[in-house]
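Asks: upload_6.csv (CSV, C-alpha atoms and all ligand atoms) pasted underneath:
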```csv
chain,number,residue,atom,x,y,z
A,237,MET,CA,127.8,119.5,98.6
A,238,THR,CA,124.7,117.4,98.5
A,239,ARG,CA,121.6,119.1,97.2
A,240,ILE,CA,118.4,117.0,97.1
A,241,LEU,CA,115.4,117.8,95.1
A,242,SER,CA,112.2,115.8,94.6
A,243,GLY,CA,108.6,116.4,93.5
A,244,ILE,CA,105.3,114.8,94.3
A,245,GLN,CA,102.1,115.2,92.3
A,246,PRO,CA,99.1,116.6,94.1
A,247,THR,CA,96.9,113.6,94.0
A,248,GLY,CA,94.3,113.0,96.8
A,249,GLY,CA,94.2,109.7,98.6
A,250,LEU,CA,97.8,109.1,99.1
A,251,HIS,CA,98.4,105.5,100.3
A,252,LEU,CA,100.9,103.3,102.0
A,253,GLY,CA,102.8,102.7,98.8
A,254,ASN,CA,103.4,106.4,98.4
A,255,TYR,CA,104.5,106.7,102.0
A,256,LEU,CA,106.8,103.7,102.2
A,257,GLY,CA,108.1,104.3,98.7
A,258,ALA,CA,108.7,108.0,98.7
A,259,VAL,CA,107.5,110.3,101.5
A,260,ARG,CA,109.3,108.4,104.2
A,261,TYR,CA,112.7,108.7,102.5
A,262,TRP,CA,112.2,112.4,102.0
A,263,VAL,CA,111.7,112.7,105.7
A,264,GLU,CA,114.6,110.4,106.6
A,265,ASP,CA,117.0,112.1,104.2
A,266,GLN,CA,116.0,115.7,104.5
A,267,ALA,CA,119.0,116.7,106.6
A,268,LEU,CA,121.6,114.8,104.5
A,269,GLY,CA,122.2,118.0,102.5
A,270,GLU,CA,120.3,121.0,101.4
A,271,SER,CA,117.0,119.7,100.4
A,272,PHE,CA,114.1,121.0,98.3
A,273,TYR,CA,110.8,119.3,98.0
A,274,CYS,CA,107.9,120.5,95.8
A,275,VAL,CA,104.3,119.7,95.2
A,276,VAL,CA,104.3,119.7,91.4
A,277,ASP,CA,100.9,121.2,90.7
A,278,LEU,CA,101.9,122.3,87.2
A,279,HIS,CA,102.6,118.6,86.3
A,280,ALA,CA,99.0,117.8,87.3
A,281,LEU,CA,97.7,119.9,84.5
A,282,THR,CA,99.1,117.6,81.8
A,283,VAL,CA,95.9,115.5,82.2
A,284,PRO,CA,92.3,116.7,82.8
A,285,ARG,CA,91.9,118.0,86.4
A,286,ASP,CA,89.0,119.5,88.2
A,287,PRO,CA,90.2,122.9,89.6
A,288,ALA,CA,88.5,122.5,93.0
A,289,SER,CA,90.1,119.0,93.5
A,290,LEU,CA,93.5,120.3,92.3
A,291,ARG,CA,93.3,123.1,94.9
A,292,ARG,CA,92.2,120.7,97.6
A,293,ASP,CA,94.8,118.0,96.8
A,294,THR,CA,97.7,120.5,96.6
A,295,THR,CA,97.0,121.6,100.2
A,296,GLU,CA,96.4,118.0,101.3
A,297,VAL,CA,99.7,116.7,100.0
A,298,ALA,CA,101.6,119.7,101.4
A,299,THR,CA,100.0,119.2,104.8
A,300,LEU,CA,100.6,115.5,104.7
A,301,LEU,CA,104.3,116.0,103.9
A,302,LEU,CA,104.6,118.2,107.0
A,303,ALA,CA,102.6,115.7,109.1
A,304,ALA,CA,104.9,112.9,108.0
A,305,GLY,CA,107.8,114.9,109.4
A,306,LEU,CA,109.3,117.3,106.8
A,307,ASP,CA,110.9,120.0,109.0
A,308,THR,CA,111.2,123.4,107.5
A,309,ASP,CA,114.4,124.0,109.5
A,310,ALA,CA,115.9,121.1,107.6
A,311,CYS,CA,114.4,121.4,104.2
A,312,THR,CA,112.5,123.8,101.9
A,313,LEU,CA,108.9,122.8,101.0
A,314,PHE,CA,107.1,124.7,98.3
A,315,VAL,CA,104.5,124.6,95.6
A,316,GLN,CA,106.0,124.4,92.0
A,317,SER,CA,103.7,127.0,90.5
A,318,HIS,CA,104.8,129.5,93.2
A,319,VAL,CA,108.3,129.7,91.7
A,320,ALA,CA,107.8,130.9,88.2
A,321,GLU,CA,111.5,130.2,87.3
A,322,HIS,CA,110.6,126.6,86.8
A,323,THR,CA,108.4,127.3,83.7
A,324,GLN,CA,110.9,129.8,82.4
A,325,LEU,CA,113.7,127.4,82.6
A,326,ALA,CA,111.5,124.7,81.1
A,327,TRP,CA,111.3,126.7,77.9
A,328,LEU,CA,115.1,126.7,77.6
A,329,LEU,CA,115.1,123.0,78.1
A,330,GLU,CA,112.3,122.5,75.5
A,331,CYS,CA,114.7,124.2,73.2
A,332,THR,CA,117.4,121.7,74.2
A,333,ALA,CA,115.4,118.5,74.0
A,334,SER,CA,114.4,116.9,70.7
A,335,ILE,CA,111.0,115.7,69.6
A,336,GLY,CA,112.4,112.2,69.1
A,337,GLU,CA,113.7,111.8,72.6
A,338,LEU,CA,110.5,113.1,74.2
A,339,ARG,CA,108.5,110.7,72.0
A,340,ARG,CA,110.5,107.8,73.4
A,341,MET,CA,109.3,108.5,77.0
A,342,THR,CA,107.3,105.5,78.1
A,343,GLN,CA,105.1,107.4,80.4
A,344,PHE,CA,104.1,109.7,77.5
A,345,LYS,CA,103.4,106.7,75.3
A,346,ASP,CA,101.3,105.0,78.0
A,347,LYS,CA,99.3,108.0,78.9
A,348,ALA,CA,98.9,109.4,75.4
A,349,THR,CA,97.7,106.2,73.9
A,350,LYS,CA,95.0,105.9,76.5
A,351,GLY,CA,93.0,108.9,75.2
A,352,GLY,CA,94.5,109.0,71.7
A,353,GLU,CA,97.7,110.8,70.9
A,354,GLU,CA,95.9,113.4,68.8
A,355,ALA,CA,93.9,114.6,71.9
A,356,ALA,CA,96.8,114.4,74.3
A,357,ARG,CA,97.9,117.7,75.8
A,358,VAL,CA,101.1,119.2,74.5
A,359,GLY,CA,102.1,119.6,78.2
A,360,LEU,CA,101.9,115.8,78.6
A,361,PHE,CA,104.5,115.6,75.8
A,362,THR,CA,106.8,118.3,77.3
A,363,TYR,CA,106.3,117.2,80.9
A,364,PRO,CA,109.8,115.7,81.2
A,365,THR,CA,111.4,119.1,80.3
A,366,LEU,CA,109.4,120.7,83.1
A,367,MET,CA,110.6,118.0,85.5
A,368,ALA,CA,114.2,118.6,84.3
A,369,ALA,CA,113.7,122.3,85.0
A,370,ASP,CA,112.5,121.4,88.6
A,371,ILE,CA,115.7,119.5,89.1
A,372,LEU,CA,118.3,121.6,87.3
A,373,ALA,CA,117.1,124.9,88.7
A,374,TYR,CA,118.4,123.8,92.1
A,375,GLN,CA,121.6,122.3,90.8
A,376,ALA,CA,120.4,119.1,92.5
A,377,THR,CA,123.0,116.4,93.0
A,378,HIS,CA,120.5,113.8,94.2
A,379,VAL,CA,117.0,113.1,93.1
A,380,PRO,CA,115.1,110.5,95.1
A,381,VAL,CA,112.5,109.0,92.7
A,382,GLY,CA,110.7,105.7,92.2
A,383,ASP,CA,111.7,103.3,89.4
A,384,ASP,CA,109.0,104.7,87.1
A,385,GLN,CA,110.8,108.1,86.9
A,386,ARG,CA,114.2,106.6,86.0
A,387,GLN,CA,113.8,107.4,82.3
A,388,HIS,CA,112.8,111.0,83.1
A,389,LEU,CA,115.9,111.4,85.2
A,390,GLU,CA,118.1,109.9,82.5
A,391,LEU,CA,116.7,112.5,80.1
A,392,THR,CA,117.4,115.3,82.7
A,393,ARG,CA,121.0,114.2,82.8
A,394,ASP,CA,121.2,114.1,79.0
A,395,LEU,CA,119.7,117.6,78.7
A,396,ALA,CA,122.1,119.0,81.4
A,397,GLU,CA,125.1,117.5,79.6
A,398,ARG,CA,123.9,118.7,76.2
A,399,PHE,CA,123.2,122.2,77.4
A,400,ASN,CA,126.6,122.4,79.2
A,401,ALA,CA,128.4,121.1,76.1
A,402,ARG,CA,126.7,123.7,73.9
A,403,TYR,CA,126.7,126.8,76.1
A,404,GLY,CA,129.2,126.2,78.9
A,405,GLU,CA,128.9,124.7,82.4
A,406,VAL,CA,125.6,125.9,83.8
A,407,PHE,CA,123.9,122.8,85.3
A,408,THR,CA,125.0,120.2,87.8
A,409,VAL,CA,124.3,116.7,86.3
A,410,PRO,CA,122.1,115.0,88.9
A,411,GLU,CA,122.0,111.4,90.0
A,412,ALA,CA,118.9,109.4,90.7
A,413,THR,CA,118.7,107.9,94.1
A,414,ILE,CA,116.5,104.9,93.6
A,415,PRO,CA,115.9,103.5,97.1
A,416,PRO,CA,118.2,100.5,97.5
A,417,ALA,CA,116.7,97.1,97.8
A,418,GLY,CA,115.3,96.4,101.2
A,419,ARG,CA,114.9,100.1,101.9
A,420,GLY,CA,112.6,101.0,99.0
A,421,ALA,CA,110.0,98.3,99.5
A,422,ARG,CA,107.7,98.1,96.5
A,423,ILE,CA,104.3,97.9,98.0
A,424,MET,CA,101.8,95.8,96.2
A,425,ASP,CA,98.0,95.8,96.2
A,426,LEU,CA,96.6,93.6,99.1
A,427,GLN,CA,94.0,92.1,96.8
A,428,GLU,CA,96.1,91.7,93.7
A,429,PRO,CA,99.7,91.3,95.1
A,430,THR,CA,101.3,91.2,91.6
A,431,ARG,CA,100.1,94.8,91.0
A,432,LYS,CA,101.7,97.8,92.6
A,433,MET,CA,99.5,99.5,95.2
A,434,SER,CA,97.9,102.3,93.3
A,435,LYS,CA,95.2,104.9,93.6
A,436,SER,CA,93.8,103.7,90.3
A,437,ALA,CA,93.1,100.1,91.6
A,438,ASP,CA,89.7,98.6,90.8
A,439,SER,CA,88.9,98.2,94.5
A,440,GLU,CA,89.9,100.2,97.6
A,441,GLN,CA,90.1,97.0,99.6
A,442,GLY,CA,93.7,96.4,98.4
A,443,VAL,CA,94.9,99.9,99.1
A,444,ILE,CA,95.7,101.3,102.6
A,445,GLY,CA,94.9,105.0,102.6
A,446,LEU,CA,97.1,107.1,104.9
A,447,PHE,CA,94.0,108.4,106.6
A,448,ASP,CA,92.3,105.0,107.0
A,449,PRO,CA,91.2,104.5,110.7
A,450,PRO,CA,92.6,101.6,112.6
A,451,GLU,CA,89.6,99.3,112.2
A,452,VAL,CA,89.7,99.8,108.4
A,453,ILE,CA,93.4,99.0,108.3
A,454,GLU,CA,92.8,95.9,110.3
A,455,ARG,CA,90.0,94.7,108.1
A,456,LYS,CA,91.9,95.3,104.9
A,457,PHE,CA,94.9,93.3,106.1
A,458,ARG,CA,92.6,90.6,107.5
A,459,ARG,CA,91.2,90.2,104.0
A,460,ALA,CA,94.5,90.5,102.2
A,461,VAL,CA,95.0,87.8,99.6
A,462,THR,CA,97.6,85.3,100.6
A,463,ASP,CA,99.0,82.4,98.7
A,464,THR,CA,97.5,79.0,98.2
A,465,ASP,CA,100.4,76.7,98.9
A,466,ASP,CA,99.7,76.1,102.5
A,467,GLY,CA,102.3,73.7,103.5
A,468,ALA,CA,105.0,73.8,106.2
A,469,ASP,CA,107.0,77.0,106.1
A,470,ALA,CA,103.9,78.8,104.7
A,471,VAL,CA,105.3,82.2,105.9
A,472,ARG,CA,108.2,82.7,103.7
A,473,PHE,CA,109.7,85.7,101.8
A,474,ASP,CA,109.6,84.7,98.2
A,475,PRO,CA,108.0,87.5,96.0
A,476,GLY,CA,108.0,85.3,92.9
A,477,LEU,CA,106.3,82.2,94.4
A,478,LYS,CA,104.4,83.9,97.3
A,479,PRO,CA,103.5,87.4,96.2
A,480,GLY,CA,100.8,87.9,98.8
A,481,VAL,CA,102.6,86.8,101.9
A,482,SER,CA,105.9,88.4,100.7
A,483,ASN,CA,104.1,91.7,100.3
A,484,LEU,CA,102.8,91.5,103.9
A,485,LEU,CA,106.3,90.7,105.1
A,486,ALA,CA,107.8,93.6,103.1
A,487,ILE,CA,105.3,96.0,104.6
A,488,LEU,CA,105.9,94.7,108.1
A,489,ALA,CA,109.7,94.9,107.6
A,490,ALA,CA,109.4,98.4,106.1
A,491,ALA,CA,107.2,99.6,109.0
A,492,THR,CA,109.5,98.3,111.6
A,493,GLY,CA,112.8,99.0,109.9
A,494,ARG,CA,113.8,95.4,109.5
A,495,ASP,CA,114.5,92.8,106.9
A,496,PRO,CA,111.6,90.8,105.4
A,497,THR,CA,113.4,87.4,105.6
A,498,GLU,CA,114.2,87.9,109.2
A,499,VAL,CA,110.6,89.0,109.9
A,500,ALA,CA,109.4,85.9,108.2
A,501,GLY,CA,111.1,83.7,110.7
A,502,GLU,CA,109.0,85.1,113.5
A,503,HIS,CA,105.6,84.2,112.1
A,504,ARG,CA,104.0,80.8,111.7
A,505,ARG,CA,100.4,81.4,110.4
A,506,TYR,CA,99.0,83.8,107.9
A,507,GLY,CA,96.3,85.1,110.4
A,508,GLU,CA,98.9,86.0,113.0
A,509,LEU,CA,101.1,87.7,110.4
A,510,LYS,CA,98.2,89.8,109.1
A,511,ALA,CA,97.4,90.9,112.7
A,512,ALA,CA,101.1,91.9,113.2
A,513,VAL,CA,101.3,93.9,110.0
A,514,ALA,CA,98.1,95.7,110.7
A,515,ASP,CA,99.3,96.6,114.2
A,516,ALA,CA,102.7,97.8,112.9
A,517,VAL,CA,101.0,100.0,110.1
A,518,ILE,CA,98.5,101.4,112.6
A,519,GLU,CA,101.3,102.4,114.9
A,520,MET,CA,103.4,103.8,112.1
A,521,LEU,CA,100.5,106.0,110.8
A,522,ARG,CA,99.1,107.1,114.1
A,523,PRO,CA,101.4,110.0,114.7
A,524,LEU,CA,101.1,111.1,111.1
A,525,GLN,CA,97.3,111.1,111.4
A,526,VAL,CA,97.3,113.0,114.7
A,527,ARG,CA,99.7,115.6,113.3
A,528,TYR,CA,97.7,115.9,110.1
A,529,ARG,CA,94.5,116.8,112.1
A,530,GLU,CA,96.4,119.5,114.0
A,531,LEU,CA,97.8,121.0,110.8
A,532,GLU,CA,94.5,120.7,109.0
A,533,ALA,CA,92.9,122.8,111.7
A,534,ASP,CA,95.3,125.7,111.0
A,535,PRO,CA,95.5,126.1,107.2
A,536,ALA,CA,96.9,129.6,107.6
A,537,ALA,CA,100.0,128.1,109.2
A,538,VAL,CA,100.5,125.7,106.3
A,539,GLU,CA,100.0,128.5,103.8
A,540,GLU,CA,102.7,130.5,105.6
A,541,ILE,CA,105.1,127.6,105.4
A,542,LEU,CA,104.6,127.3,101.7
A,543,ARG,CA,104.9,131.0,101.2
A,544,ALA,CA,108.2,131.0,103.1
A,545,GLY,CA,109.3,127.9,101.2
A,546,ALA,CA,108.8,129.6,97.8
A,547,GLY,CA,110.6,132.6,99.1
A,548,ARG,CA,113.7,130.4,99.9
A,549,ALA,CA,113.4,128.5,96.6
A,550,ARG,CA,113.1,131.5,94.3
A,551,PRO,CA,116.5,133.0,94.6
A,552,VAL,CA,118.2,129.6,94.1
A,553,ALA,CA,116.2,128.9,91.0
A,554,GLY,CA,116.5,132.5,89.9
A,555,ALA,CA,120.3,132.4,89.9
A,556,THR,CA,120.4,129.2,87.8
A,557,LEU,CA,117.8,130.7,85.4
A,558,ARG,CA,119.9,133.9,85.0
A,559,SER,CA,123.1,132.0,84.1
A,560,ALA,CA,121.2,129.7,81.7
A,561,MET,CA,119.6,132.7,80.0
A,562,ASP,CA,122.9,134.5,79.8
A,563,ALA,CA,124.6,131.4,78.4
A,564,VAL,CA,122.2,131.0,75.5
A,565,GLY,CA,122.6,134.6,74.6
A,566,LEU,CA,119.5,136.3,76.0
A,567,LEU,CA,120.1,139.9,77.1
A,568,ALA,CA,119.8,140.7,80.7
A,569,PRO,CA,117.0,143.1,81.3
A,570,ARG,CA,118.2,146.6,82.2
B,1,LIG,N1,107.2,113.2,87.6
B,1,LIG,C1,107.3,112.9,89.0
B,1,LIG,C2,106.2,111.8,89.3
B,1,LIG,O1,105.2,111.8,88.6
B,1,LIG,C3,107.0,114.1,89.8
B,1,LIG,C4,108.1,115.1,89.6
B,1,LIG,C5,108.0,116.3,89.0
B,1,LIG,C6,109.4,115.1,90.1
B,1,LIG,N2,109.1,117.0,89.1
B,1,LIG,C7,110.0,116.3,89.7
B,1,LIG,C8,110.2,114.1,90.8
B,1,LIG,C9,111.4,116.5,90.0
B,1,LIG,C10,111.5,114.4,91.1
B,1,LIG,C11,112.1,115.6,90.7
B,1,LIG,O2,106.3,111.1,90.2
```
Render the structure in this file as structure tokens.

Replies:
Amino acid sequence: MTRILSGIQPTGGLHLGNYLGAVRYWVEDQALGESFYCVVDLHALTVPRDPASLRRDTTEVATLLLAAGLDTDACTLFVQSHVAEHTQLAWLLECTASIGELRRMTQFKDKATKGGEEAARVGLFTYPTLMAADILAYQATHVPVGDDQRQHLELTRDLAERFNARYGEVFTVPEATIPPAGRGARIMDLQEPTRKMSKSADSEQGVIGLFDPPEVIERKFRRAVTDTDDGADAVRFDPGLKPGVSNLLAILAAATGRDPTEVAGEHRRYGELKAAVADAVIEMLRPLQVRYRELEADPAAVEEILRAGAGRARPVAGATLRSAMDAVGLLAPR
């Protein structure tokens, strides 16, 4: 049986890179098995977060996932903190992981060195064990994640295997489903095409927000940085030599479900390519934006979906937690 689980952080201002790199695959794959998707609000607390913005962003991301096409008949959508079993299981996994292996996590090293390791939150250090709990609680077989989460997934597999070896078979050992090349287009910043499109970019001009109106999308693509070797065959898919143009081709291909090299053959000039990409992205985002406005107008309906989602998730996570607790020797409460 295929069981899919993935999580997304509640950050405001989701952009085209998030959509084409993650959200879209959740939607496309939601019916391939039993799938669980969560907004990982607890993970957001590993770095300083303003409570009001966390609240707002959690609702925004959940609403956006629904607007993008997650269908609660096909999948279970919920908020991580609504299912307390995640943090309970995380404790058992903290008692499975070693300090040394958590210290080797590159994301921890990157983020902890920024503000100084002494001041980093303990939760930032143990973050991967919570992520492992998210996954293992559902006995997930497949975990769609971006490349940057590969190391956390490897750790999850190690923890599952170690726990099973120590205490007996409790956890399914999951596989990462990193989107295959061509499918998981890595979307780059339009102004700095050698950098991944990211919310933390210096300027918004290189980032297409999922709520950007058509004229803003057009303008951002029109001003996108292209490459300087204007010769014949200027429109070519070659990410190494022509990062700017290749990024536009990758976006156009991803938005239209085609291959970047094939798409390259249909355009002669940068200006014309930019207009085509803008049109394709505007068309792709239009239904999502319309649906978002509808859902946003009815927050009680979204809340109800999340409540029902947590209700479906809890017994699944609870059963795993119970067997894990039992396996390590914790008494069942009477
Ligand atoms: N750590 C992931 C990220 O930052 C989010 C996440 C949390 C996650 N729990 C998960 C992803 C479980 C997949 C499965 O993107």

Asks: Between atom CA of A:Glu502 and atom CA of A:Lys478, what is the distance in Å, rounded to a tenth?

Replies: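 According to the coordinates, atom CA of A:Glu502 and atom CA of A:Lys478 are separated by 16.9 Å.
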
Asks: Write out as a list of chain:residue names each polymer residue whose atoms come within 7 Å of A:Phe407, counting only C-alpha atoms; drop sequence neighbours fewer than 3 positions from it.

Replies: A:Leu372, A:Gln375, A:Ala396, A:Asn400

Asks: Which residues are near ligand LIG 1 (chain B) in this structure, taking near to mean any atom at most 7 Å from a ligand atom and counting all atoms listed in the file? Format them as a ChimeraX atom specification.

Replies: /A:241-245,276,279,367-368,370-371,379-381,385

Asks: Within 10 Å of (100.5, 116.0, 109.3), in the coordinates the file gives, what residues turn up when you count all atoms listed in the file, written out as a list in words?

Replies: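 The distance filter leaves exactly Glu296, Val297, Ala298, Thr299, Leu300, Leu301, Leu302, Ala303, Ala304, Gly305, Leu306, Pro523, Leu524, Gln525, Val526, Arg527, Tyr528, Arg529, Glu530, Leu531 and Glu532 of chain A.
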
Asks: Just give me the residues with any atom within 10 Å of (103.3, 125.5, 108.1), file coordinates, counting all atoms listed in the file, written as an MDAnalysis selection string.

Replies: chainID A and resid 298:299 302:303 307:308 313 531 534:545

Asks: With C-alpha atoms retained, export the selected residues as a PDB file, in the coordinates of the input.

Replies:
```pdb
ATOM      1  CA  ALA A 298     101.600 119.700 101.400  1.00  0.00           C
ATOM      2  CA  THR A 299     100.000 119.200 104.800  1.00  0.00           C
ATOM      3  CA  LEU A 302     104.600 118.200 107.000  1.00  0.00           C
ATOM      4  CA  ALA A 303     102.600 115.700 109.100  1.00  0.00           C
ATOM      5  CA  ASP A 307     110.900 120.000 109.000  1.00  0.00           C
ATOM      6  CA  THR A 308     111.200 123.400 107.500  1.00  0.00           C
ATOM      7  CA  LEU A 313     108.900 122.800 101.000  1.00  0.00           C
ATOM      8  CA  LEU A 531      97.800 121.000 110.800  1.00  0.00           C
ATOM      9  CA  ASP A 534      95.300 125.700 111.000  1.00  0.00           C
ATOM     10  CA  PRO A 535      95.500 126.100 107.200  1.00  0.00           C
ATOM     11  CA  ALA A 536      96.900 129.600 107.600  1.00  0.00           C
ATOM     12  CA  ALA A 537     100.000 128.100 109.200  1.00  0.00           C
ATOM     13  CA  VAL A 538     100.500 125.700 106.300  1.00  0.00           C
ATOM     14  CA  GLU A 539     100.000 128.500 103.800  1.00  0.00           C
ATOM     15  CA  GLU A 540     102.700 130.500 105.600  1.00  0.00           C
ATOM     16  CA  ILE A 541     105.100 127.600 105.400  1.00  0.00           C
ATOM     17  CA  LEU A 542     104.600 127.300 101.700  1.00  0.00           C
ATOM     18  CA  ARG A 543     104.900 131.000 101.200  1.00  0.00           C
ATOM     19  CA  ALA A 544     108.200 131.000 103.100  1.00  0.00           C
ATOM     20  CA  GLY A 545     109.300 127.900 101.200  1.00  0.00           C
TER      21      GLY A 545
END
```
